[in-house]
file my_file-v2.txt (compact mmCIF, C-alpha atoms)
# COMPACT_ATOMS: atom_id res chain seq x y z
CA MET Q 712 -14.83 25.39 -5.76
CA LYS Q 713 -15.56 21.68 -5.41
CA GLU Q 714 -17.91 22.30 -2.53
CA SER Q 715 -19.92 24.86 -4.48
CA ARG Q 716 -19.79 23.72 -8.08
CA TYR Q 717 -20.48 20.05 -7.32
CA GLN Q 718 -22.44 20.56 -4.12
CA ARG Q 719 -25.76 19.24 -5.43
CA HIS Q 720 -24.47 15.74 -6.21
CA LEU Q 721 -21.47 15.15 -3.95
CA SER Q 722 -23.62 13.56 -1.25
CA ILE Q 723 -25.30 11.31 -3.82
CA LEU Q 724 -22.00 9.93 -5.09
CA GLY Q 725 -20.95 9.15 -1.54
CA ASN Q 726 -17.71 9.65 0.26
CA GLY Q 727 -15.15 8.61 -2.33
CA GLY Q 728 -17.41 7.86 -5.28
CA TRP Q 729 -16.98 11.32 -6.75
CA GLU Q 730 -13.21 10.99 -6.54
CA VAL Q 731 -13.34 7.63 -8.33
CA LEU Q 732 -15.34 9.18 -11.14
CA ARG Q 733 -13.03 12.18 -11.26
CA ASP Q 734 -9.91 10.04 -11.56
CA ILE Q 735 -10.92 7.27 -13.95
CA PRO Q 736 -10.18 8.12 -17.60
CA ILE Q 737 -13.32 8.30 -19.72
CA VAL Q 738 -13.30 7.43 -23.41
CA ILE Q 739 -16.29 8.51 -25.49
CA ALA Q 740 -16.64 6.66 -28.78
CA GLY Q 741 -18.71 8.91 -31.02
CA VAL Q 742 -19.50 12.52 -30.18
CA GLY Q 743 -22.86 12.63 -31.91
CA GLY Q 744 -26.25 12.48 -30.23
CA LEU Q 745 -25.47 10.13 -27.34
CA GLY Q 746 -21.88 11.30 -27.05
CA SER Q 747 -22.89 14.96 -26.77
CA HIS Q 748 -25.25 14.24 -23.90
CA VAL Q 749 -22.90 11.82 -22.14
CA ALA Q 750 -19.94 14.20 -22.32
CA THR Q 751 -21.97 17.17 -21.11
CA SER Q 752 -23.36 15.28 -18.12
CA ILE Q 753 -19.98 13.89 -17.13
CA ALA Q 754 -18.36 17.31 -17.50
CA ARG Q 755 -20.86 18.76 -15.06
CA ILE Q 756 -20.31 16.01 -12.50
CA ALA Q 757 -16.53 16.19 -12.10
CA PRO Q 758 -13.35 17.64 -13.66
CA VAL Q 759 -12.65 14.39 -15.50
CA THR Q 760 -10.20 13.32 -18.18
CA LEU Q 761 -12.08 12.76 -21.44
CA GLU Q 762 -10.87 11.18 -24.66
CA LEU Q 763 -13.20 11.96 -27.55
CA TRP Q 764 -13.20 9.82 -30.71
CA ASP Q 765 -15.12 10.81 -33.82
CA PRO Q 766 -14.03 11.24 -37.44
CA GLY Q 767 -17.11 13.25 -38.39
CA ILE Q 768 -17.89 16.84 -39.18
CA VAL Q 769 -21.00 18.65 -38.03
CA ASP Q 770 -23.87 18.48 -40.52
CA ALA Q 771 -27.18 20.35 -40.31
CA PRO Q 772 -29.32 17.26 -39.46
CA ASP Q 773 -27.08 16.69 -36.42
CA LEU Q 774 -28.36 19.82 -34.74
CA ASN Q 775 -31.67 18.27 -33.62
CA ARG Q 776 -29.95 16.23 -30.90
CA GLN Q 777 -26.21 16.82 -30.81
CA ILE Q 778 -26.27 19.41 -28.08
CA LEU Q 779 -22.59 20.34 -28.19
CA TYR Q 780 -23.01 21.97 -31.58
CA THR Q 781 -24.65 25.10 -32.96
CA PRO Q 782 -25.10 26.43 -36.49
CA ASP Q 783 -21.64 27.95 -36.13
CA SER Q 784 -20.27 24.39 -35.90
CA LEU Q 785 -21.44 23.34 -39.36
CA GLY Q 786 -18.61 21.93 -41.44
CA ARG Q 787 -16.21 21.74 -38.51
CA ARG Q 788 -14.75 18.63 -36.92
CA LYS Q 789 -16.95 17.32 -34.15
CA VAL Q 790 -14.15 16.57 -31.72
CA ASP Q 791 -12.83 20.14 -32.01
CA ASP Q 792 -16.13 21.86 -31.36
CA ALA Q 793 -17.07 19.32 -28.71
CA ALA Q 794 -13.83 19.96 -26.81
CA ARG Q 795 -14.28 23.70 -27.11
CA GLU Q 796 -17.82 23.61 -25.77
CA LEU Q 797 -17.03 21.14 -22.99
CA VAL Q 798 -14.25 23.37 -21.68
CA ARG Q 799 -16.79 26.19 -21.57
CA VAL Q 800 -19.02 23.92 -19.47
CA ASN Q 801 -16.16 23.00 -17.13
CA PRO Q 802 -12.74 24.65 -17.54
CA ASP Q 803 -11.15 22.06 -15.27
CA LEU Q 804 -11.57 19.18 -17.73
CA THR Q 805 -8.66 17.45 -19.43
CA ILE Q 806 -9.66 16.58 -23.00
CA HIS Q 807 -7.88 14.51 -25.62
CA SER Q 808 -9.37 14.59 -29.12
CA ARG Q 809 -9.02 11.93 -31.80
CA ALA Q 810 -10.59 12.85 -35.14
CA GLU Q 811 -10.63 9.29 -36.44
CA ALA Q 812 -12.76 6.18 -36.16
CA ILE Q 813 -12.12 4.18 -33.02
CA THR Q 814 -10.94 0.64 -33.72
CA GLU Q 815 -8.88 -1.75 -31.68
CA GLY Q 816 -5.87 -0.79 -33.77
CA SER Q 817 -6.35 2.97 -33.71
CA PHE Q 818 -7.11 2.94 -30.01
CA LEU Q 819 -4.04 0.95 -29.04
CA ARG Q 820 -1.92 3.13 -31.30
CA SER Q 821 -3.25 6.56 -30.38
CA SER Q 822 -5.02 6.55 -27.06
CA SER Q 823 -3.75 8.82 -24.34
CA VAL Q 824 -5.34 6.76 -21.57
CA TRP Q 825 -4.05 3.28 -22.45
CA ARG Q 826 -0.88 1.63 -23.70
CA PRO Q 827 -0.65 -1.89 -25.12
CA ASP Q 828 1.57 -2.87 -22.18
CA GLY Q 829 -1.49 -2.50 -20.03
CA GLU Q 830 -0.52 0.66 -18.25
CA PRO Q 831 -2.68 3.74 -18.46
CA THR Q 832 -0.84 6.74 -19.81
CA ASP Q 833 -3.07 9.45 -18.39
CA THR Q 834 -5.22 8.84 -15.37
CA GLY Q 835 -6.02 12.50 -14.95
CA ARG Q 836 -4.28 15.33 -13.22
CA HIS Q 837 -5.81 14.76 -9.86
CA SER Q 838 -4.16 13.33 -6.82
CA GLY Q 839 -5.43 12.15 -3.51
CA PRO Q 840 -6.69 8.60 -3.24
CA PRO Q 841 -10.40 8.09 -2.83
CA ASP Q 842 -11.57 5.90 -0.02
CA ALA Q 843 -12.15 2.51 -1.61
CA SER Q 844 -13.82 1.14 1.47
CA THR Q 845 -16.72 3.50 0.98
CA THR Q 846 -17.09 3.04 -2.76
CA GLY Q 847 -16.68 -0.68 -3.26
CA ILE Q 848 -14.21 -0.01 -6.00
CA ALA Q 849 -10.51 0.62 -5.88
CA PRO Q 850 -9.46 4.05 -7.02
CA GLY Q 851 -7.89 4.86 -10.32
CA ALA Q 852 -5.99 2.40 -12.45
CA GLY Q 853 -2.99 0.20 -11.92
CA PRO Q 854 -2.03 -2.16 -9.10
CA ARG Q 855 -3.25 -1.68 -5.57
CA SER Q 856 -0.66 -0.52 -3.10
CA ASP Q 857 -1.37 -3.38 -0.69
CA PRO Q 858 -2.37 -6.54 -2.55
CA GLU Q 859 -2.55 -8.54 0.66
CA ARG Q 860 -5.29 -6.40 2.06
CA ASP Q 861 -8.87 -7.52 1.71
CA ALA Q 862 -9.72 -4.77 -0.74
CA PRO Q 863 -12.49 -4.38 -3.28
CA PRO Q 864 -11.76 -5.44 -6.85
CA PRO Q 865 -9.71 -2.96 -8.86
CA ALA Q 866 -11.42 -0.39 -10.97
CA PRO Q 867 -11.31 -0.87 -14.72
CA PRO Q 868 -8.31 0.92 -16.24
CA PHE Q 869 -10.74 3.30 -17.95
CA VAL Q 870 -14.37 3.36 -18.93
CA LEU Q 871 -15.65 3.58 -22.48
CA PHE Q 872 -18.98 5.04 -23.54
CA ASP Q 873 -20.42 3.41 -26.65
CA CYS Q 874 -22.12 6.25 -28.49
CA LEU Q 875 -21.55 4.87 -31.99
CA ASP Q 876 -24.15 4.44 -34.71
CA SER Q 877 -23.51 0.94 -36.06
CA PHE Q 878 -23.01 -2.50 -34.58
CA ALA Q 879 -20.19 -3.20 -37.01
CA ALA Q 880 -18.26 -0.36 -35.40
CA ARG Q 881 -19.26 -1.60 -31.96
CA SER Q 882 -17.50 -4.89 -32.60
CA GLU Q 883 -14.28 -2.87 -32.35
CA LEU Q 884 -15.30 -1.61 -28.92
CA ASP Q 885 -15.89 -5.19 -27.83
CA ALA Q 886 -12.37 -6.04 -28.98
CA ILE Q 887 -10.99 -3.10 -26.98
CA ARG Q 888 -12.97 -4.22 -23.94
CA ARG Q 889 -11.61 -7.75 -24.11
CA ARG Q 890 -8.08 -6.50 -24.73
CA THR Q 891 -7.94 -3.89 -21.96
CA GLY Q 892 -10.51 -4.95 -19.38
CA CYS Q 893 -12.32 -1.63 -19.58
CA THR Q 894 -16.01 -1.33 -18.81
CA VAL Q 895 -18.25 -0.37 -21.75
CA PHE Q 896 -21.46 1.59 -21.23
CA HIS Q 897 -23.52 0.83 -24.32
CA GLY Q 898 -26.32 2.93 -25.75
CA GLY Q 899 -28.31 2.65 -28.97
CA VAL Q 900 -31.25 4.68 -30.27
CA GLU Q 901 -33.75 4.74 -33.09
CA GLY Q 902 -36.84 6.91 -33.36
CA TRP Q 903 -38.85 6.61 -30.16
CA TYR Q 904 -36.79 3.66 -28.93
CA GLY Q 905 -33.46 2.92 -27.37
CA GLN Q 906 -31.51 0.52 -25.22
CA ALA Q 907 -28.70 0.71 -22.71
CA THR Q 908 -26.59 -1.90 -20.97
CA THR Q 909 -23.14 -2.27 -19.43
CA PHE Q 910 -20.39 -4.71 -20.34
CA PRO Q 911 -17.67 -5.18 -17.70
CA GLY Q 912 -14.21 -6.11 -18.89
CA ASP Q 913 -14.48 -9.66 -17.61
CA GLY Q 914 -18.21 -10.18 -18.05
CA PRO Q 915 -20.88 -10.51 -20.71
CA GLY Q 916 -20.48 -8.57 -23.92
CA TYR Q 917 -22.31 -7.58 -27.08
CA ALA Q 918 -22.79 -11.16 -28.25
CA ASP Q 919 -24.55 -12.05 -25.01
CA ALA Q 920 -26.99 -9.17 -25.31
CA PHE Q 921 -27.54 -9.06 -29.06
CA GLY Q 922 -26.49 -12.47 -30.36
CA PRO Q 923 -23.24 -13.77 -31.81
CA ASP Q 924 -23.91 -12.09 -35.16
CA PHE Q 925 -24.57 -8.67 -33.61
CA ALA Q 926 -22.06 -6.96 -35.91
CA ASP Q 927 -24.31 -7.77 -38.89
CA THR Q 928 -27.18 -5.71 -37.50
CA PRO Q 929 -28.16 -3.15 -40.16
CA ALA Q 930 -27.32 0.49 -39.58
CA ALA Q 931 -29.93 2.60 -37.89
CA ALA Q 932 -32.84 4.19 -39.65
CA LYS Q 933 -32.33 7.92 -39.82
CA PRO Q 934 -35.19 9.24 -37.65
CA ILE Q 935 -34.01 9.91 -34.10
CA LEU Q 936 -35.76 12.03 -31.51
CA PRO Q 937 -33.64 14.24 -29.25
CA THR Q 938 -35.68 13.06 -26.28
CA THR Q 939 -34.75 9.44 -26.93
CA VAL Q 940 -31.08 10.31 -27.06
CA ALA Q 941 -31.32 12.22 -23.78
CA VAL Q 942 -32.97 9.28 -21.98
CA ILE Q 943 -30.48 6.66 -23.16
CA ALA Q 944 -27.46 8.87 -22.46
CA ALA Q 945 -28.81 9.45 -18.96
CA LEU Q 946 -29.05 5.70 -18.40
CA GLN Q 947 -25.47 5.24 -19.57
CA VAL Q 948 -24.10 7.95 -17.30
CA SER Q 949 -26.20 6.78 -14.36
CA ASP Q 950 -24.70 3.32 -14.62
CA CYS Q 951 -21.21 4.80 -14.70
CA ILE Q 952 -22.01 6.71 -11.52
CA SER Q 953 -23.22 3.44 -9.99
CA LEU Q 954 -19.93 1.79 -10.91
CA CYS Q 955 -17.98 4.56 -9.21
CA THR Q 956 -20.11 4.62 -6.08
CA ASN Q 957 -21.05 0.98 -5.59
CA GLY Q 958 -18.69 -1.03 -7.80
CA SER Q 959 -19.55 -3.85 -10.17
CA PRO Q 960 -21.96 -5.33 -11.07
CA THR Q 961 -23.89 -2.21 -11.88
CA PRO Q 962 -27.68 -2.16 -12.30
CA LEU Q 963 -27.31 -2.56 -16.07
CA THR Q 964 -24.69 -5.33 -16.02
CA GLY Q 965 -26.31 -8.34 -17.69
CA THR Q 966 -29.51 -6.39 -18.11
CA LEU Q 967 -30.83 -4.51 -21.12
CA ALA Q 968 -32.85 -1.40 -20.33
CA VAL Q 969 -35.25 -0.89 -23.24
CA TYR Q 970 -36.87 2.52 -23.58
CA ASP Q 971 -40.14 3.04 -25.43
CA GLY Q 972 -40.91 6.74 -25.71
CA ARG Q 973 -44.34 6.11 -27.14
CA ARG Q 974 -45.35 4.29 -23.97
CA GLY Q 975 -43.16 6.28 -21.64
CA SER Q 976 -41.65 3.04 -20.36
CA VAL Q 977 -38.23 1.64 -19.51
CA GLU Q 978 -38.18 -2.13 -19.14
CA ARG Q 979 -35.39 -4.29 -17.80
CA LEU Q 980 -34.66 -7.56 -19.61
CA GLU Q 981 -31.94 -9.88 -18.38
CA TYR Q 982 -29.60 -11.55 -20.79
CA ARG Q 983 -27.25 -13.24 -18.35
CA ASN Q 984 -27.69 -14.33 -14.76
CA MET V 618 -35.86 -36.81 -22.81
CA ASP V 619 -36.31 -36.76 -26.56
CA ARG V 620 -36.49 -33.04 -27.24
CA SER V 621 -36.71 -33.38 -30.99
CA ALA V 622 -39.90 -35.38 -30.75
CA GLU V 623 -41.36 -32.71 -28.50
CA ARG V 624 -40.33 -29.99 -30.91
CA ASP V 625 -42.09 -31.74 -33.73
CA SER V 626 -45.27 -31.80 -31.71
CA SER V 627 -45.10 -28.08 -30.87
CA ALA V 628 -47.92 -26.05 -32.29
CA VAL V 629 -48.08 -22.31 -32.81
CA THR V 630 -50.93 -20.27 -34.13
CA GLY V 631 -51.31 -16.54 -34.12
CA GLY V 632 -53.76 -13.71 -33.96
CA ALA V 633 -55.02 -10.99 -31.71
CA PRO V 634 -55.15 -11.83 -28.00
CA GLY V 635 -58.43 -13.50 -27.21
CA ALA V 636 -58.91 -14.84 -30.69
CA HIS V 637 -57.57 -18.25 -29.70
CA GLY V 638 -58.64 -19.97 -26.53
CA ALA V 639 -56.53 -22.63 -24.91
CA HIS V 640 -57.12 -26.03 -26.40
CA GLY V 641 -55.51 -29.24 -25.34
CA SER V 642 -52.02 -28.50 -23.96
CA SER V 643 -51.65 -25.30 -25.98
CA ARG V 644 -52.25 -21.83 -24.66
CA GLU V 645 -52.26 -18.27 -25.89
CA VAL V 646 -49.34 -16.03 -25.02
CA PRO V 647 -49.17 -12.29 -25.68
CA VAL V 648 -46.29 -11.00 -27.77
CA ARG V 649 -44.92 -7.55 -26.98
CA LEU V 650 -43.31 -5.68 -29.80
CA PHE V 651 -40.58 -3.05 -29.60
CA GLY V 652 -39.32 -0.54 -32.09
CA PRO V 653 -40.19 -0.92 -35.76
CA LEU V 654 -41.92 -4.23 -35.10
CA SER V 655 -44.71 -2.38 -33.32
CA ASP V 656 -45.26 -0.37 -36.48
CA LEU V 657 -45.69 -3.57 -38.50
CA ALA V 658 -48.58 -4.96 -36.44
CA ALA V 659 -51.97 -3.29 -36.73
CA ALA V 660 -53.40 -5.09 -33.69
CA PRO V 661 -52.11 -6.66 -30.47
CA VAL V 662 -50.21 -9.83 -31.22
CA ALA V 663 -50.40 -13.22 -29.56
CA VAL V 664 -49.41 -16.76 -30.38
CA THR V 665 -50.89 -20.04 -29.27
CA ILE V 666 -48.16 -22.47 -28.36
CA ALA V 667 -47.66 -25.95 -27.06
CA LEU V 668 -44.76 -26.43 -24.68
CA PRO V 669 -42.03 -27.36 -24.41
CA MET V 670 -40.50 -25.88 -27.49
CA GLN V 671 -37.19 -24.44 -28.60
CA VAL V 672 -36.75 -20.69 -29.03
CA ALA V 673 -35.63 -21.23 -32.62
CA ASP V 674 -38.90 -23.00 -33.36
CA LEU V 675 -40.83 -20.21 -31.72
CA ARG V 676 -39.01 -17.72 -33.97
CA VAL V 677 -39.82 -19.68 -37.11
CA ALA V 678 -43.42 -20.04 -36.07
CA ILE V 679 -43.82 -16.33 -35.34
CA LEU V 680 -42.36 -15.50 -38.74
CA ASP V 681 -44.76 -17.95 -40.37
CA ILE V 682 -47.66 -16.08 -38.83
CA TYR V 683 -46.22 -12.58 -39.22
CA PRO V 684 -43.91 -12.75 -42.23
CA GLY V 685 -43.52 -8.98 -42.16
CA PHE V 686 -41.40 -9.32 -39.03
CA GLY V 687 -38.80 -11.02 -41.18
CA THR V 688 -37.67 -7.63 -42.41
CA VAL V 689 -36.43 -6.78 -38.92
CA ARG V 690 -33.66 -8.48 -36.99
CA PHE V 691 -34.79 -9.25 -33.43
CA LYS V 692 -34.01 -11.18 -30.26
CA ILE V 693 -36.68 -13.04 -28.33
CA ALA V 694 -37.25 -12.42 -24.63
CA VAL V 695 -39.43 -14.73 -22.58
CA ASP V 696 -40.67 -13.70 -19.17
CA GLY V 697 -38.19 -10.87 -18.80
CA ARG V 698 -35.09 -12.67 -20.04
CA ILE V 699 -33.48 -12.59 -23.46
CA ARG V 700 -33.05 -16.14 -24.77
CA ASP V 701 -30.68 -17.85 -27.13
CA ASP V 702 -32.35 -19.60 -30.02
CA SER V 703 -31.01 -22.91 -28.71
CA GLU V 704 -32.85 -22.68 -25.38
CA PHE V 705 -35.85 -24.86 -24.56
CA LEU V 706 -38.89 -23.21 -23.09
CA GLU V 707 -40.89 -25.06 -20.46
CA LYS V 708 -43.04 -22.13 -19.28
CA ILE V 709 -44.05 -18.91 -20.99
CA SER V 710 -46.14 -16.06 -19.68
CA GLU V 711 -45.04 -13.36 -22.08
CA ILE V 712 -42.95 -13.08 -25.21
CA ALA V 713 -41.17 -9.90 -26.30
CA LEU V 714 -39.49 -9.28 -29.63
CA LEU V 715 -36.54 -6.92 -29.39
CA PRO V 716 -34.82 -5.40 -32.39
CA PRO V 717 -31.50 -3.80 -31.47
CA PHE V 718 -31.34 -0.05 -31.99
CA ALA V 719 -28.14 0.87 -33.74
CA GLY V 720 -28.13 4.65 -33.82
CA GLY V 721 -26.15 6.97 -31.64

call {"tool": "encode", "arguments": {"input": "my_file-v2.txt", "output": "structure tokens"}}
result
Amino acid sequence: MKESRYQRHLSILGNGGWEVLRDIPIVIAGVGGLGSHVATSIARIAPVTLELWDPGIVDAPDLNRQILYTPDSLGRRKVDDAARELVRVNPDLTIHSRAEAITEGSFLRSSSVWRPDGEPTDTGRHSGPPDASTTGIAPGAGPRSDPERDAPPPAPPFVLFDCLDSFAARSELDAIRRRTGCTVFHGGVEGWYGQATTFPGDGPGYADAFGPDFADTPAAAKPILPTTVAVIAALQVSDCISLCTNGSPTPLTGTLAVYDGRRGSVERLEYRN
Amino acid sequence: MDRSAERDSSAVTGGAPGAHGAHGSSREVPVRLFGPLSDLAAAPVAVTIALPMQVADLRVAILDIYPGFGTVRFKIAVDGRIRDDSEFLEKISEIALLPPFAGG
């Protein structure tokens, strides 16, 4: 099944990179526009463990870009319909749903992939260690079996996709990142425009990219194009694939990719050397 | 080096590119706009500056020339790198104004 279903991208992820992606728990904060695209792409790449966080219900204006939902979803909880649709995309997924806002407190209390003692609680159902020497990143979470060996740095305990719609809420993700050491793949969109960047657990964060008062940034204007969401989600997932295949720093670590749909451009702007 | 004295001597003027030729130690620098800022400017934007200057002073000067930009929160990038307002600029080829996009 693996050889056929995932045949078209196994060689791209390299020998071992696909297994790293398969085995690292993936938290998606917000299953709206960005979250729908991110989850769908990831689900098609590998039989991953997903934890979906979103307190919302599906509303009619969501249907222009939130590709996990249909008119039948209206009025239903997003995490429920998202999980249902994602399992249709790939029946081998493991999905945990949390129909509440993700905060440092709620995450530490309720997550299935992390415990406050620092140990992951669910690293997926899959066994068989990937070959770290070919990926530049140690497989899975937890301590390496041979700490004396000259091995690549350990993988983050999980990765977190920032698909939220306000910077105030994102400040909670930054707290989770600093607390757990996870890597955050950030995306933000508005109209024709969007940005993506990656924050490693021990590296630059939101304040470095957006300023120390980033949480005060006003909420987004309502217009959002589905094409913008698709581009930014693709950048987020691509950087996660890079982490799993080549390790950190990824191409978007310390760099903001700014998309301008009107010009058809993606520009890279550094915010930390 | 007395940076404050240099800041006081910084000069910024604005207008469409080409409207201001270099004079003295000042020169014209194009300003690229992203997101809603590009909707606020009817024509290409440039500023004429005298270096060195602090990013915070550049921000104030841009807002003096284009007060409409004050309705949008933005970071300033110079020559491909996002800068803190406390940084001093010795060389500038291009300025970009970057509002963060909050939606998801």

call {"tool": "atom_distance", "arguments": {"input": "my_file-v2.txt", "atom1": "CA of Arg787 (chain Q)", "atom2": "CA of Asp765 (chain Q)"}}
result
11.9 Å

call {"tool": "interface_residues", "arguments": {"input": "my_file-v2.txt", "of": "chain Q", "to": "chain V", "cutoff": "10 Å", "atoms": "all atoms listed in the file", "output": "MDAnalysis selection string"}}
result
chainID Q and resid 740:747 777 873:879 881 897:907 919:923 925 927:935 940 943:944 966:967 969:973 978:984

call {"tool": "write_last_selection", "arguments": {"input": "my_file-v2.txt", "atoms": "C-alpha atoms", "output": "mmCIF file, keeping the file's coordinate frame"}}
result
data_model
loop_
_atom_site.group_PDB
_atom_site.id
_atom_site.type_symbol
_atom_site.label_atom_id
_atom_site.label_comp_id
_atom_site.auth_asym_id
_atom_site.auth_seq_id
_atom_site.Cartn_x
_atom_site.Cartn_y
_atom_site.Cartn_z
ATOM 1 C CA ALA Q 740 -16.640 6.660 -28.780
ATOM 2 C CA GLY Q 741 -18.710 8.910 -31.020
ATOM 3 C CA VAL Q 742 -19.500 12.520 -30.180
ATOM 4 C CA GLY Q 743 -22.860 12.630 -31.910
ATOM 5 C CA GLY Q 744 -26.250 12.480 -30.230
ATOM 6 C CA LEU Q 745 -25.470 10.130 -27.340
ATOM 7 C CA GLY Q 746 -21.880 11.300 -27.050
ATOM 8 C CA SER Q 747 -22.890 14.960 -26.770
ATOM 9 C CA GLN Q 777 -26.210 16.820 -30.810
ATOM 10 C CA ASP Q 873 -20.420 3.410 -26.650
ATOM 11 C CA CYS Q 874 -22.120 6.250 -28.490
ATOM 12 C CA LEU Q 875 -21.550 4.870 -31.990
ATOM 13 C CA ASP Q 876 -24.150 4.440 -34.710
ATOM 14 C CA SER Q 877 -23.510 0.940 -36.060
ATOM 15 C CA PHE Q 878 -23.010 -2.500 -34.580
ATOM 16 C CA ALA Q 879 -20.190 -3.200 -37.010
ATOM 17 C CA ARG Q 881 -19.260 -1.600 -31.960
ATOM 18 C CA HIS Q 897 -23.520 0.830 -24.320
ATOM 19 C CA GLY Q 898 -26.320 2.930 -25.750
ATOM 20 C CA GLY Q 899 -28.310 2.650 -28.970
ATOM 21 C CA VAL Q 900 -31.250 4.680 -30.270
ATOM 22 C CA GLU Q 901 -33.750 4.740 -33.090
ATOM 23 C CA GLY Q 902 -36.840 6.910 -33.360
ATOM 24 C CA TRP Q 903 -38.850 6.610 -30.160
ATOM 25 C CA TYR Q 904 -36.790 3.660 -28.930
ATOM 26 C CA GLY Q 905 -33.460 2.920 -27.370
ATOM 27 C CA GLN Q 906 -31.510 0.520 -25.220
ATOM 28 C CA ALA Q 907 -28.700 0.710 -22.710
ATOM 29 C CA ASP Q 919 -24.550 -12.050 -25.010
ATOM 30 C CA ALA Q 920 -26.990 -9.170 -25.310
ATOM 31 C CA PHE Q 921 -27.540 -9.060 -29.060
ATOM 32 C CA GLY Q 922 -26.490 -12.470 -30.360
ATOM 33 C CA PRO Q 923 -23.240 -13.770 -31.810
ATOM 34 C CA PHE Q 925 -24.570 -8.670 -33.610
ATOM 35 C CA ASP Q 927 -24.310 -7.770 -38.890
ATOM 36 C CA THR Q 928 -27.180 -5.710 -37.500
ATOM 37 C CA PRO Q 929 -28.160 -3.150 -40.160
ATOM 38 C CA ALA Q 930 -27.320 0.490 -39.580
ATOM 39 C CA ALA Q 931 -29.930 2.600 -37.890
ATOM 40 C CA ALA Q 932 -32.840 4.190 -39.650
ATOM 41 C CA LYS Q 933 -32.330 7.920 -39.820
ATOM 42 C CA PRO Q 934 -35.190 9.240 -37.650
ATOM 43 C CA ILE Q 935 -34.010 9.910 -34.100
ATOM 44 C CA VAL Q 940 -31.080 10.310 -27.060
ATOM 45 C CA ILE Q 943 -30.480 6.660 -23.160
ATOM 46 C CA ALA Q 944 -27.460 8.870 -22.460
ATOM 47 C CA THR Q 966 -29.510 -6.390 -18.110
ATOM 48 C CA LEU Q 967 -30.830 -4.510 -21.120
ATOM 49 C CA VAL Q 969 -35.250 -0.890 -23.240
ATOM 50 C CA TYR Q 970 -36.870 2.520 -23.580
ATOM 51 C CA ASP Q 971 -40.140 3.040 -25.430
ATOM 52 C CA GLY Q 972 -40.910 6.740 -25.710
ATOM 53 C CA ARG Q 973 -44.340 6.110 -27.140
ATOM 54 C CA GLU Q 978 -38.180 -2.130 -19.140
ATOM 55 C CA ARG Q 979 -35.390 -4.290 -17.800
ATOM 56 C CA LEU Q 980 -34.660 -7.560 -19.610
ATOM 57 C CA GLU Q 981 -31.940 -9.880 -18.380
ATOM 58 C CA TYR Q 982 -29.600 -11.550 -20.790
ATOM 59 C CA ARG Q 983 -27.250 -13.240 -18.350
ATOM 60 C CA ASN Q 984 -27.690 -14.330 -14.760
#

call {"tool": "residues_around", "arguments": {"input": "my_file-v2.txt", "residues": "Ile723 (chain Q)", "least_positions_apart": "6", "cutoff": "12 Å", "atoms": "only C-alpha atoms", "output": "list in words"}}
result
Tyr717, Trp729, Ile756, Thr846, Ser949, Ile952, Ser953, Cys955, Thr956 and Asn957 of chain Q

call {"tool": "write_last_selection", "arguments": {"input": "my_file-v2.txt", "atoms": "C-alpha atoms", "output": "compact mmCIF listing (two decimals), keeping the file's coordinate frame"}}
result
# COMPACT_ATOMS: atom_id res chain seq x y z
CA TYR Q 717 -20.48 20.05 -7.32
CA TRP Q 729 -16.98 11.32 -6.75
CA ILE Q 756 -20.31 16.01 -12.50
CA THR Q 846 -17.09 3.04 -2.76
CA SER Q 949 -26.20 6.78 -14.36
CA ILE Q 952 -22.01 6.71 -11.52
CA SER Q 953 -23.22 3.44 -9.99
CA CYS Q 955 -17.98 4.56 -9.21
CA THR Q 956 -20.11 4.62 -6.08
CA ASN Q 957 -21.05 0.98 -5.59

call {"tool": "residues_around", "arguments": {"input": "my_file-v2.txt", "residues": "Arg755 (chain Q)", "least_positions_apart": "6", "cutoff": "9 Å", "atoms": "all atoms listed in the file", "output": "JSON, numbers by chain"}}
result
{"Q": [716, 717, 800, 801]}

call {"tool": "atom_distance", "arguments": {"input": "my_file-v2.txt", "atom1": "CA of Pro868 (chain Q)", "atom2": "CA of Gln947 (chain Q)"}}
result
18.0 Å

call {"tool": "closest_residue", "arguments": {"input": "my_file-v2.txt", "among": "V:Glu707, V:Gly685, V:Leu650, V:Arg644", "to": "Thr665 (chain V)", "atoms": "only C-alpha atoms"}}
result
V:Arg644

call {"tool": "closest_residue", "arguments": {"input": "my_file-v2.txt", "among": "Q:Val948, Q:Pro937, Q:Val977, Q:Val895", "to": "Thr964 (chain Q)", "atoms": "only C-alpha atoms"}}
result
Q:Val895

call {"tool": "atom_distance", "arguments": {"input": "my_file-v2.txt", "atom1": "CA of Ala812 (chain Q)", "atom2": "CA of Gly916 (chain Q)"}}
result
20.7 Å

call {"tool": "residues_around", "arguments": {"input": "my_file-v2.txt", "residues": "Asp913 (chain Q)", "least_positions_apart": "3", "cutoff": "10 Å", "atoms": "only C-alpha atoms", "output": "number ranges by chain"}}
result
Q: 867, 888-889, 891-894, 910, 916

call {"tool": "closest_residue", "arguments": {"input": "my_file-v2.txt", "among": "Q:Val769, Q:Val870, Q:Leu763, Q:Leu779", "to": "Glu811 (chain Q)", "atoms": "all atoms listed in the file"}}
result
Q:Leu763

call {"tool": "axis_aligned_box", "arguments": {"input": "my_file-v2.txt", "around": "region 662-678 of chain V", "padding_each_side": "8 Å", "output": "JSON"}}
result
{"center_x": -43.3, "center_y": -18.6, "center_z": -30.8, "size_x": 31.3, "size_y": 33.5, "size_z": 28.7}
